[in-house]
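> See model.txt below, with compact mmCIF, C-alpha atoms.
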```
# COMPACT_ATOMS: atom_id res chain seq x y z
CA MET A 376 132.18 42.97 24.76
CA ASN A 377 134.30 42.30 21.67
CA ILE A 378 135.19 45.65 20.08
CA PHE A 379 134.48 44.52 16.52
CA LEU A 380 131.06 43.25 17.59
CA LEU A 381 130.41 46.55 19.36
CA TYR A 382 131.36 48.40 16.16
CA LEU A 383 128.96 46.26 14.12
CA LEU A 384 126.12 46.73 16.63
CA LEU A 385 126.62 50.50 16.69
CA LEU A 386 126.92 50.53 12.90
CA LYS A 387 123.57 48.72 12.67
CA GLY A 388 122.10 51.75 14.41
CA THR A 389 123.91 54.50 12.53
CA ILE A 390 123.53 53.03 9.04
CA THR A 391 119.77 52.63 9.39
CA ALA A 392 119.17 56.18 10.63
CA PHE A 393 119.01 59.44 8.72
CA ALA A 394 119.63 61.88 11.57
CA GLY A 395 121.88 61.95 14.64
CA LEU A 396 119.55 60.72 17.39
CA ALA A 397 117.40 58.64 15.03
CA SER A 398 119.79 55.73 15.56
CA LEU A 399 118.90 55.68 19.28
CA PRO A 400 116.02 53.13 19.13
CA VAL A 401 118.14 50.53 17.32
CA ILE A 402 121.11 51.10 19.66
CA GLN A 403 118.84 51.00 22.73
CA ASP A 404 117.19 47.83 21.45
CA THR A 405 120.52 46.14 20.76
CA LEU A 406 122.78 47.25 23.64
CA VAL A 407 120.25 47.84 26.46
CA PHE A 408 117.54 45.23 25.85
CA GLN A 409 119.34 42.42 23.96
CA HIS A 410 122.99 42.47 25.09
CA HIS A 411 122.54 44.24 28.48
CA VAL A 412 125.88 46.07 28.21
CA LEU A 413 124.36 49.55 28.56
CA THR A 414 121.64 51.09 30.73
CA ASP A 415 118.95 53.61 29.83
CA LYS A 416 120.61 55.98 32.33
CA GLN A 417 123.90 55.77 30.45
CA LEU A 418 122.06 56.37 27.19
CA ASN A 419 120.55 59.52 28.69
CA GLU A 420 123.97 60.58 29.96
CA ALA A 421 125.44 60.08 26.48
CA ILE A 422 122.84 62.49 25.07
CA VAL A 423 123.60 65.05 27.81
CA ILE A 424 127.34 64.86 27.13
CA THR A 425 126.94 65.22 23.38
CA ARG A 426 124.52 68.13 23.64
CA SER A 427 126.90 69.89 26.02
CA THR A 428 129.66 70.05 23.42
CA PRO A 429 129.85 71.48 19.91
CA GLY A 430 129.72 69.04 16.99
CA PRO A 431 127.04 66.77 15.55
CA VAL A 432 124.38 65.06 17.69
CA GLY A 433 125.42 61.68 16.28
CA LEU A 434 128.50 61.88 18.51
CA TYR A 435 126.46 60.27 21.27
CA VAL A 436 127.52 56.85 19.88
CA VAL A 437 131.10 57.73 20.94
CA SER A 438 129.89 58.17 24.53
CA VAL A 439 127.88 54.97 24.26
CA GLY A 440 130.99 53.13 23.04
CA TYR A 441 132.99 54.54 25.95
CA PHE A 442 130.37 53.45 28.49
CA VAL A 443 130.40 49.92 27.05
CA ALA A 444 134.14 49.36 26.56
CA GLY A 445 136.22 52.39 27.57
CA LEU A 446 138.59 54.02 25.08
CA PRO A 447 138.50 51.15 22.53
CA GLY A 448 134.71 51.39 22.72
CA ALA A 449 134.87 55.14 22.01
CA ALA A 450 137.03 54.36 18.96
CA ALA A 451 134.46 51.78 17.83
CA GLY A 452 131.75 54.44 18.29
CA TRP A 453 133.73 56.92 16.20
CA LEU A 454 134.15 54.36 13.41
CA ALA A 455 130.46 53.47 13.51
CA MET A 456 129.63 57.18 13.31
CA ILE A 457 131.85 57.96 10.31
CA THR A 458 131.37 54.78 8.24
CA PRO A 459 127.91 55.67 6.83
CA ALA A 460 129.21 59.12 5.79
CA LEU A 461 131.39 57.44 3.15
CA LEU A 462 128.23 56.34 1.32
CA ILE A 463 127.82 59.90 0.05
CA ILE A 464 130.80 59.41 -2.29
CA PRO A 465 129.07 56.91 -4.64
CA LEU A 466 125.87 58.93 -4.21
CA VAL A 467 127.56 62.11 -5.44
CA HIS A 468 129.54 60.23 -8.07
CA PHE A 469 126.87 58.03 -9.63
CA ALA A 470 123.44 59.03 -8.45
CA GLY A 471 123.56 62.81 -8.74
CA ARG A 472 120.13 63.92 -9.88
CA LYS A 473 118.72 60.37 -9.99
CA ILE A 474 118.32 60.51 -6.23
CA GLU A 475 115.37 62.79 -6.95
CA HIS A 476 113.42 59.82 -8.37
CA PRO A 477 110.02 59.87 -6.61
CA ARG A 478 110.11 56.17 -5.70
CA VAL A 479 113.55 56.47 -4.08
CA LYS A 480 112.47 59.61 -2.21
CA ASN A 481 109.30 57.83 -1.09
CA VAL A 482 111.30 54.99 0.48
CA LEU A 483 113.76 57.33 2.21
CA GLN A 484 111.04 59.63 3.53
CA THR A 485 109.00 56.74 4.91
CA VAL A 486 112.06 55.42 6.75
CA VAL A 487 112.75 58.90 8.16
CA ILE A 488 109.16 59.27 9.42
CA ALA A 489 109.22 55.78 10.95
CA SER A 490 112.47 56.66 12.74
CA SER A 491 110.73 59.62 14.42
CA GLY A 492 107.99 57.27 15.72
CA LEU A 493 110.66 54.88 16.97
CA LEU A 494 112.54 57.71 18.67
CA LEU A 495 109.37 58.71 20.53
CA ALA A 496 109.01 55.09 21.66
CA ALA A 497 112.65 55.03 22.77
CA ALA A 498 112.02 58.14 24.89
CA ILE A 499 109.59 56.21 27.13
CA PRO A 500 112.17 54.09 29.01
CA LEU A 501 114.55 57.06 29.03
CA ALA A 502 111.87 59.17 30.72
CA ARG A 503 111.02 56.39 33.15
CA GLU A 504 114.67 56.32 34.19
CA ALA A 505 115.23 60.07 34.35
CA LEU A 506 111.97 61.63 35.55
CA THR A 507 111.80 60.44 39.13
CA ASP A 508 110.36 63.45 40.96
CA THR A 509 108.40 66.65 40.47
CA VAL A 510 111.51 68.74 39.81
CA THR A 511 112.80 66.52 37.00
CA VAL A 512 109.32 66.21 35.45
CA GLY A 513 109.05 70.01 35.57
CA ILE A 514 112.49 70.39 33.99
CA ALA A 515 111.56 68.02 31.15
CA VAL A 516 108.20 69.70 30.46
CA VAL A 517 109.54 73.27 30.57
CA GLY A 518 112.63 72.21 28.61
CA LEU A 519 110.45 70.67 25.88
CA ILE A 520 108.26 73.78 25.68
CA LEU A 521 111.35 76.01 25.39
CA LEU A 522 112.87 73.76 22.72
CA LEU A 523 109.66 73.75 20.69
CA LEU A 524 108.81 77.43 20.99
CA THR A 525 112.18 79.19 21.11
CA GLU A 526 115.51 79.12 19.30
CA LEU A 527 117.36 78.56 22.58
CA ASP A 528 120.34 76.25 22.12
CA THR A 529 120.07 72.87 23.85
CA LEU A 530 123.32 73.62 25.69
CA TRP A 531 121.58 76.41 27.64
CA ILE A 532 118.59 74.17 28.37
CA ILE A 533 120.90 71.50 29.80
CA LEU A 534 122.95 74.00 31.82
CA GLY A 535 119.74 75.60 33.13
CA ALA A 536 118.35 72.20 34.08
CA SER A 537 121.55 71.39 35.97
CA ALA A 538 121.43 74.71 37.82
CA ILE A 539 117.75 74.25 38.78
CA SER A 540 118.31 70.69 39.96
CA LEU A 541 121.39 71.74 41.94
CA SER A 542 119.46 74.62 43.55
CA ALA A 543 116.53 72.35 44.38
CA SER A 544 118.91 69.90 45.97
CA ALA A 545 120.64 72.65 47.97
CA ALA A 546 117.26 73.89 49.17
CA GLY A 547 116.38 70.39 50.27
CA LEU A 548 113.52 70.17 47.79
CA LEU A 549 114.80 67.04 46.11
CA ASN A 550 115.03 65.19 49.41
CA ARG A 551 111.42 65.99 50.20
CA ILE A 552 109.91 65.17 46.85
CA VAL A 553 111.98 62.28 45.55
CA THR A 554 109.69 59.28 45.25
CA MET B 849 131.36 63.21 -11.47
CA ILE B 850 134.48 65.25 -12.07
CA VAL B 851 136.33 66.69 -9.14
CA ASP B 852 135.34 70.31 -8.78
CA SER B 853 137.08 72.32 -11.47
CA LYS B 854 134.70 75.27 -11.44
CA ASP B 855 135.95 76.74 -8.21
CA ARG B 856 137.29 80.16 -8.80
CA ASN B 857 140.57 79.98 -6.88
CA GLY B 858 141.74 76.49 -7.90
CA PRO B 859 141.45 73.39 -5.71
CA PRO B 860 142.56 73.95 -2.12
CA SER B 861 145.37 71.97 -0.53
CA LEU B 862 144.56 69.00 1.69
CA GLY B 863 145.98 70.98 4.61
CA ASP B 864 143.56 73.83 3.94
CA ILE B 865 140.64 71.38 3.71
CA GLY B 866 141.71 69.81 6.99
CA TRP B 867 141.98 73.18 8.73
CA VAL B 868 138.60 74.52 7.53
CA PHE B 869 136.68 71.38 8.49
CA THR B 870 138.53 71.07 11.80
CA ARG B 871 137.80 74.68 12.70
CA PHE B 872 134.19 74.98 11.57
CA ALA B 873 132.72 71.46 11.86
CA ASN B 874 133.90 70.88 15.43
CA PHE B 875 133.65 74.17 17.25
CA THR B 876 130.29 75.59 16.15
CA LEU B 877 127.56 75.44 18.77
CA GLY B 878 123.98 74.86 17.62
CA GLY B 879 124.14 71.47 15.90
CA GLY B 880 124.25 70.49 12.24
CA SER B 881 122.15 73.34 10.82
CA ALA B 882 124.27 76.05 12.43
CA THR B 883 127.47 74.30 11.33
CA THR B 884 126.20 73.98 7.75
CA ALA B 885 125.40 77.69 7.71
CA VAL B 886 128.94 78.52 8.87
CA LEU B 887 130.44 76.15 6.29
CA HIS B 888 128.29 77.77 3.58
CA HIS B 889 129.86 81.11 4.47
CA GLU B 890 133.38 79.65 4.49
CA LEU B 891 133.20 77.40 1.40
CA LEU B 892 131.18 79.67 -0.88
CA GLU B 893 131.31 83.27 0.17
CA LYS B 894 134.72 83.58 1.80
CA ARG B 895 136.96 80.98 0.14
CA ARG B 896 134.93 80.32 -3.06
CA TRP B 897 135.92 76.65 -3.08
CA LEU B 898 132.49 75.39 -4.22
CA THR B 899 129.76 76.73 -6.45
CA ASP B 900 126.28 77.13 -5.02
CA ASP B 901 125.00 74.20 -7.15
CA ARG B 902 127.62 71.83 -5.80
CA PHE B 903 127.07 72.96 -2.24
CA VAL B 904 123.31 72.34 -2.62
CA LEU B 905 123.91 68.92 -4.23
CA CYS B 906 126.19 67.94 -1.35
CA PHE B 907 123.74 69.23 1.23
CA ALA B 908 120.78 67.37 -0.35
CA LEU B 909 122.69 64.10 -0.67
CA GLY B 910 124.01 64.52 2.86
CA ARG B 911 120.42 64.56 4.08
CA LEU B 912 119.73 61.34 2.18
CA THR B 913 122.84 59.52 3.41
CA PRO B 914 122.43 57.30 6.49
CA GLY B 915 124.15 58.34 9.70
CA THR B 916 125.14 61.85 10.70
CA ASN B 917 124.08 64.26 7.93
CA LEU B 918 126.78 66.81 8.72
CA LEU B 919 129.60 64.26 8.36
CA ALA B 920 128.16 63.02 5.06
CA PHE B 921 128.00 66.62 3.85
CA CYS B 922 131.63 67.27 4.83
CA THR B 923 132.74 64.03 3.14
CA GLY B 924 130.87 64.91 -0.05
CA ALA B 925 132.31 68.43 -0.08
CA GLY B 926 135.82 67.06 0.47
CA TRP B 927 135.32 64.63 -2.40
CA LEU B 928 134.21 67.41 -4.73
CA LEU B 929 137.26 69.47 -3.73
CA ARG B 930 140.07 66.92 -3.91
CA GLY B 931 138.64 63.48 -4.68
CA MET B 932 139.10 60.58 -2.26
CA PRO B 933 141.97 62.16 -0.25
CA GLY B 934 139.86 65.29 0.18
CA ALA B 935 136.87 63.22 1.33
CA ILE B 936 138.92 61.30 3.91
CA ILE B 937 140.67 64.44 5.21
CA ALA B 938 137.35 66.31 5.49
CA LEU B 939 135.67 63.38 7.27
CA PHE B 940 138.54 62.91 9.73
CA ALA B 941 138.91 66.64 10.34
CA ALA B 942 135.17 67.03 10.94
CA SER B 943 134.94 64.10 13.34
CA ILE B 944 138.18 63.45 15.25
CA PRO B 945 138.48 66.64 17.36
CA CYS B 946 134.85 66.53 18.54
CA THR B 947 135.19 62.79 19.19
CA ILE B 948 138.17 63.49 21.46
CA MET B 949 136.20 66.21 23.27
CA VAL B 950 133.25 63.88 23.83
CA THR B 951 135.50 61.02 24.97
CA VAL B 952 137.25 63.24 27.53
CA LEU B 953 133.93 64.63 28.74
CA THR B 954 132.47 61.10 29.02
CA ALA B 955 135.47 59.98 31.08
CA LEU B 956 135.09 63.03 33.37
CA PHE B 957 131.35 62.42 33.55
CA SER B 958 131.93 58.83 34.67
CA HIS B 959 134.24 60.19 37.38
CA TRP B 960 131.85 62.95 38.51
CA ARG B 961 128.83 60.65 38.55
CA ASP B 962 129.61 59.64 42.14
CA ASN B 963 130.37 63.16 43.33
CA HIS B 964 127.66 64.30 45.79
CA LEU B 965 127.72 67.86 44.47
CA ALA B 966 127.62 66.85 40.81
CA GLN B 967 124.86 64.26 41.21
CA PRO B 968 121.89 66.66 41.38
CA ALA B 969 123.27 68.71 38.47
CA ILE B 970 123.64 65.56 36.36
CA HIS B 971 120.14 64.46 37.43
CA GLY B 972 118.69 67.72 36.11
CA ALA B 973 120.70 67.56 32.90
CA ILE B 974 119.45 64.03 32.23
CA ALA B 975 115.85 65.19 32.67
CA ALA B 976 116.54 67.84 30.04
CA ALA B 977 117.92 65.12 27.74
CA VAL B 978 114.48 63.51 27.69
CA ALA B 979 113.06 66.81 26.41
CA VAL B 980 115.82 66.95 23.77
CA THR B 981 114.96 63.41 22.61
CA VAL B 982 111.22 64.14 22.32
CA LYS B 983 111.90 67.41 20.53
CA THR B 984 114.14 65.56 18.05
CA CYS B 985 111.14 63.38 17.10
CA TRP B 986 109.33 66.51 15.99
CA THR B 987 112.44 67.89 14.26
CA ILE B 988 112.67 64.71 12.18
CA ALA B 989 108.95 64.48 11.37
CA LYS B 990 108.21 68.19 10.86
CA PRO B 991 109.39 68.51 7.20
CA HIS B 992 106.91 65.75 6.27
CA PHE B 993 104.03 67.28 8.18
CA ARG B 994 102.53 69.40 5.43
CA GLY B 995 100.11 69.09 2.55
CA PRO B 996 99.10 65.60 1.40
CA GLU B 997 102.14 64.10 3.16
CA ARG B 998 100.71 64.88 6.59
CA LEU B 999 98.45 61.80 6.56
CA ARG B 1000 101.37 59.54 5.63
CA ALA B 1001 103.53 61.08 8.38
CA VAL B 1002 100.85 60.42 11.01
CA PHE B 1003 100.15 56.89 9.78
CA VAL B 1004 103.77 55.77 9.38
CA GLY B 1005 104.98 57.47 12.59
CA ALA B 1006 102.12 56.00 14.65
CA ALA B 1007 102.52 52.56 13.07
CA ALA B 1008 106.25 52.52 13.85
CA PHE B 1009 105.57 53.60 17.45
CA LEU B 1010 102.87 50.96 17.97
CA LEU B 1011 104.79 48.12 16.31
CA TYR B 1012 107.84 48.84 18.48
CA VAL B 1013 106.06 49.45 21.79
CA PHE B 1014 103.13 47.04 21.68
CA ALA B 1015 104.12 44.37 19.13
CA ALA B 1016 107.76 44.34 20.39
CA ILE B 1017 109.08 44.24 16.82
CA PRO B 1018 112.80 45.17 16.80
CA ALA B 1019 113.57 48.73 15.63
CA ILE B 1020 115.61 47.54 12.64
CA ASP B 1021 112.70 45.38 11.42
CA VAL B 1022 110.29 48.31 11.80
CA LEU B 1023 112.60 50.42 9.62
CA LEU B 1024 112.79 47.68 6.97
CA LEU B 1025 108.99 47.43 7.00
CA ALA B 1026 108.83 51.20 6.56
CA ALA B 1027 111.19 51.01 3.57
CA ALA B 1028 109.01 48.31 1.99
CA ALA B 1029 105.89 50.39 2.65
CA GLY B 1030 107.57 53.42 1.08
CA ALA B 1031 108.29 51.50 -2.10
CA PHE B 1032 104.57 50.81 -2.59
CA TRP B 1033 103.13 54.00 -1.13
CA PRO B 1034 101.31 56.07 -3.79
CA MET B 1035 103.49 58.90 -5.02
CA THR B 1036 102.07 62.38 -4.58
CA SER B 1037 102.16 65.00 -7.34
CA SER B 1038 104.06 67.41 -5.08
CA ARG B 1039 107.18 65.34 -5.56
```
Rewrite the structure of this file - the entire thing - as structure tokens.

Amino acid sequence: MNIFLLYLLLLKGTITAFAGLASLPVIQDTLVFQHHVLTDKQLNEAIVITRSTPGPVGLYVVSVGYFVAGLPGAAAGWLAMITPALLIIPLVHFAGRKIEHPRVKNVLQTVVIASSGLLLAAAIPLAREALTDTVTVGIAVVGLILLLLTELDTLWIILGASAISLSASAAGLLNRIVT
Amino acid sequence: MIVDSKDRNGPPSLGDIGWVFTRFANFTLGGGSATTAVLHHELLEKRRWLTDDRFVLCFALGRLTPGTNLLAFCTGAGWLLRGMPGAIIALFAASIPCTIMVTVLTALFSHWRDNHLAQPAIHGAIAAAVAVTVKTCWTIAKPHFRGPERLRAVFVGAAAFLLYVFAAIPAIDVLLLAAAAGAFWPMTSSR
């Protein structure tokens, strides 16, 4: 894929989202379903990689860029990630307190809420790809409960999930229960 | 807006800005909130580069800027400290080191993917990523899930989900529809 086109497609996701992973539905829609240059598995892997390192969650677009086009793709992902951040300069310079206008806040909040609904929808194909046996379903359910009810960092959840899956494989459990 | 002149120790050098954002925006585990807390300590309490009002303004506008909130916050803070050069240095410093880390890890990941020992570990980690994605939905929606806004959160979130899954409307179009709906949605007194 042309690197400039990849940058624009990733930018379409990042510039219409107001949180790191909220860009995922647009990127999934564009790169997985429309252009077929990425798989749901790679999208899941990008999330794993990003959550295993320090830094913002939005970094997953760098991994996505790498999966699509190698190092130039990672550079395109980095550019797509940082470009929207520059919009804060005119916001700080001109808008200041005006950003508190109820109508403007209404629009932004509605977009943010819609992006959470879209992210839940985007999780469906990701789950279909990742949760293939009892062990992985158990990992996802317990992981979600821990994330919702505790302050445990996602890094520990991911490392724990890896350890459990590795142990299950060593014990031969995965071979017996994989569907 | 004037470049920050109320800081108590004078404006920092571009090198200092680069160092602080490199050190604290890239190597803090725990995501954006934890990083913001560390930067609050560094920029206000320790180095006194920004006043509390300016930090809060940057933080609020960072939340309202598309993309990664933390990077928008760092860019805004850099702009307040040293204008456009400060903004660019802060943005690059906050994003380049962690981008390199993720790129290297992605390359290693692609290599390990076919390793028989690594495969089950990766399989488990990917299952956990599904939990992280679902939890992020709640993290995004939670601030809007209180008082009179709760009904709007349920309606808009469910409508976006249904339009995307069952009506096959592209995500970008759903977001544009949401923006249009937000412009006409009755404003509550709480805001």
> I'd like to know which of A:Ala394, A:Ile402, A:Ile488, A:Leu385 is closest to B:Ala1029, using only C-alpha atoms.
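With only C-alpha atoms as the atom set, the closest residue is A:Ile488.
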> Taking all atoms listed in the file into account, which of A:Ile533, A:Leu399, A:Ala450, A:Leu524 comes nearest chain B?
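Closest residue, counting all atoms listed in the file: A:Ile533.
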> I'd like to know which of A:Thr485, A:Asp415, A:Val443, A:Ile378 is closest to chain B, using all atoms listed in the file.
A:Thr485
> Considering only C-alpha atoms, can you say which of A:Leu501, A:Leu495, A:Ala538, A:Leu466 comes closest to B:Gly910?
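Ranked by minimum distance to B:Gly910, first place goes to A:Leu466.
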> Quote the spacing between atom CA of A:Ser490 and atom CA of B:Ala1008 in Å to one decimal place.
7.6 Å
> Can you list, as a list in words, every protein, DNA or RNA residue that comes within 10 Å of A:Gly440 when you count only C-alpha atoms, leaving out same-chain residues fewer than 2 positions away?
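Counting only the stated atoms, we get Ile378, Leu381, Tyr382, Leu385, Leu413, Ala421, Tyr435, Val436, Val437, Ser438, Phe442, Val443, Ala444, Gly445, Leu446, Pro447, Gly448, Ala449, Ala450, Ala451, Gly452, Trp453 and Ala455 of chain A; Thr951 of chain B.
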> Can I get the selected residues back with C-alpha atoms, as a PDB file, keeping the file's coordinate frame?

```
ATOM      1  CA  ILE A 378     135.190  45.650  20.080  1.00  0.00           C
ATOM      2  CA  LEU A 381     130.410  46.550  19.360  1.00  0.00           C
ATOM      3  CA  TYR A 382     131.360  48.400  16.160  1.00  0.00           C
ATOM      4  CA  LEU A 385     126.620  50.500  16.690  1.00  0.00           C
ATOM      5  CA  LEU A 413     124.360  49.550  28.560  1.00  0.00           C
ATOM      6  CA  ALA A 421     125.440  60.080  26.480  1.00  0.00           C
ATOM      7  CA  TYR A 435     126.460  60.270  21.270  1.00  0.00           C
ATOM      8  CA  VAL A 436     127.520  56.850  19.880  1.00  0.00           C
ATOM      9  CA  VAL A 437     131.100  57.730  20.940  1.00  0.00           C
ATOM     10  CA  SER A 438     129.890  58.170  24.530  1.00  0.00           C
ATOM     11  CA  PHE A 442     130.370  53.450  28.490  1.00  0.00           C
ATOM     12  CA  VAL A 443     130.400  49.920  27.050  1.00  0.00           C
ATOM     13  CA  ALA A 444     134.140  49.360  26.560  1.00  0.00           C
ATOM     14  CA  GLY A 445     136.220  52.390  27.570  1.00  0.00           C
ATOM     15  CA  LEU A 446     138.590  54.020  25.080  1.00  0.00           C
ATOM     16  CA  PRO A 447     138.500  51.150  22.530  1.00  0.00           C
ATOM     17  CA  GLY A 448     134.710  51.390  22.720  1.00  0.00           C
ATOM     18  CA  ALA A 449     134.870  55.140  22.010  1.00  0.00           C
ATOM     19  CA  ALA A 450     137.030  54.360  18.960  1.00  0.00           C
ATOM     20  CA  ALA A 451     134.460  51.780  17.830  1.00  0.00           C
ATOM     21  CA  GLY A 452     131.750  54.440  18.290  1.00  0.00           C
ATOM     22  CA  TRP A 453     133.730  56.920  16.200  1.00  0.00           C
ATOM     23  CA  ALA A 455     130.460  53.470  13.510  1.00  0.00           C
TER      24      ALA A 455
ATOM     25  CA  THR B 951     135.500  61.020  24.970  1.00  0.00           C
TER      26      THR B 951
END
```
> Between atom CA of B:Cys946 and atom CA of A:Val432, what distance in Å does the model show, to one decimal?
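Atom CA of A:Val432 lies at a distance of 10.6 Å from atom CA of B:Cys946.
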> With distances taken over all atoms listed in the file, which of B:Arg911, B:His889, B:Arg930, B:Arg994 is nearest to chain A?
B:Arg911
> Take atom CA of B:Val950 and atom CA of A:Thr425 and report the distance between them in Å, one decimal.
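Distance reported for this atom pair: 6.5 Å.
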> Can you spit out stretch 444-468 of chain A with C-alpha atoms, as a CSV table (one decimal), in the first residue's frame, from the structure just given?

```
chain,number,residue,atom,x,y,z
A,444,ALA,CA,4.0,-1.7,5.4
A,445,GLY,CA,7.1,-2.3,7.6
A,446,LEU,CA,9.2,0.5,8.8
A,447,PRO,CA,7.8,3.2,6.4
A,448,GLY,CA,4.3,2.1,7.6
A,449,ALA,CA,5.4,2.6,11.3
A,450,ALA,CA,6.5,6.1,10.4
A,451,ALA,CA,3.2,6.7,8.7
A,452,GLY,CA,1.5,5.4,11.9
A,453,TRP,CA,3.6,7.8,14.0
A,454,LEU,CA,2.7,10.8,11.8
A,455,ALA,CA,-1.0,9.8,11.9
A,456,MET,CA,-0.8,9.6,15.7
A,457,ILE,CA,0.9,13.0,16.2
A,458,THR,CA,-0.9,15.1,13.6
A,459,PRO,CA,-4.2,15.5,15.5
A,460,ALA,CA,-2.2,16.7,18.6
A,461,LEU,CA,-1.2,19.8,16.8
A,462,LEU,CA,-4.9,20.9,16.8
A,463,ILE,CA,-4.5,21.8,20.5
A,464,ILE,CA,-2.4,24.8,19.5
A,465,PRO,CA,-5.2,26.9,17.9
A,466,LEU,CA,-7.5,25.5,20.6
A,467,VAL,CA,-5.3,26.9,23.3
A,468,HIS,CA,-4.6,30.1,21.4
```
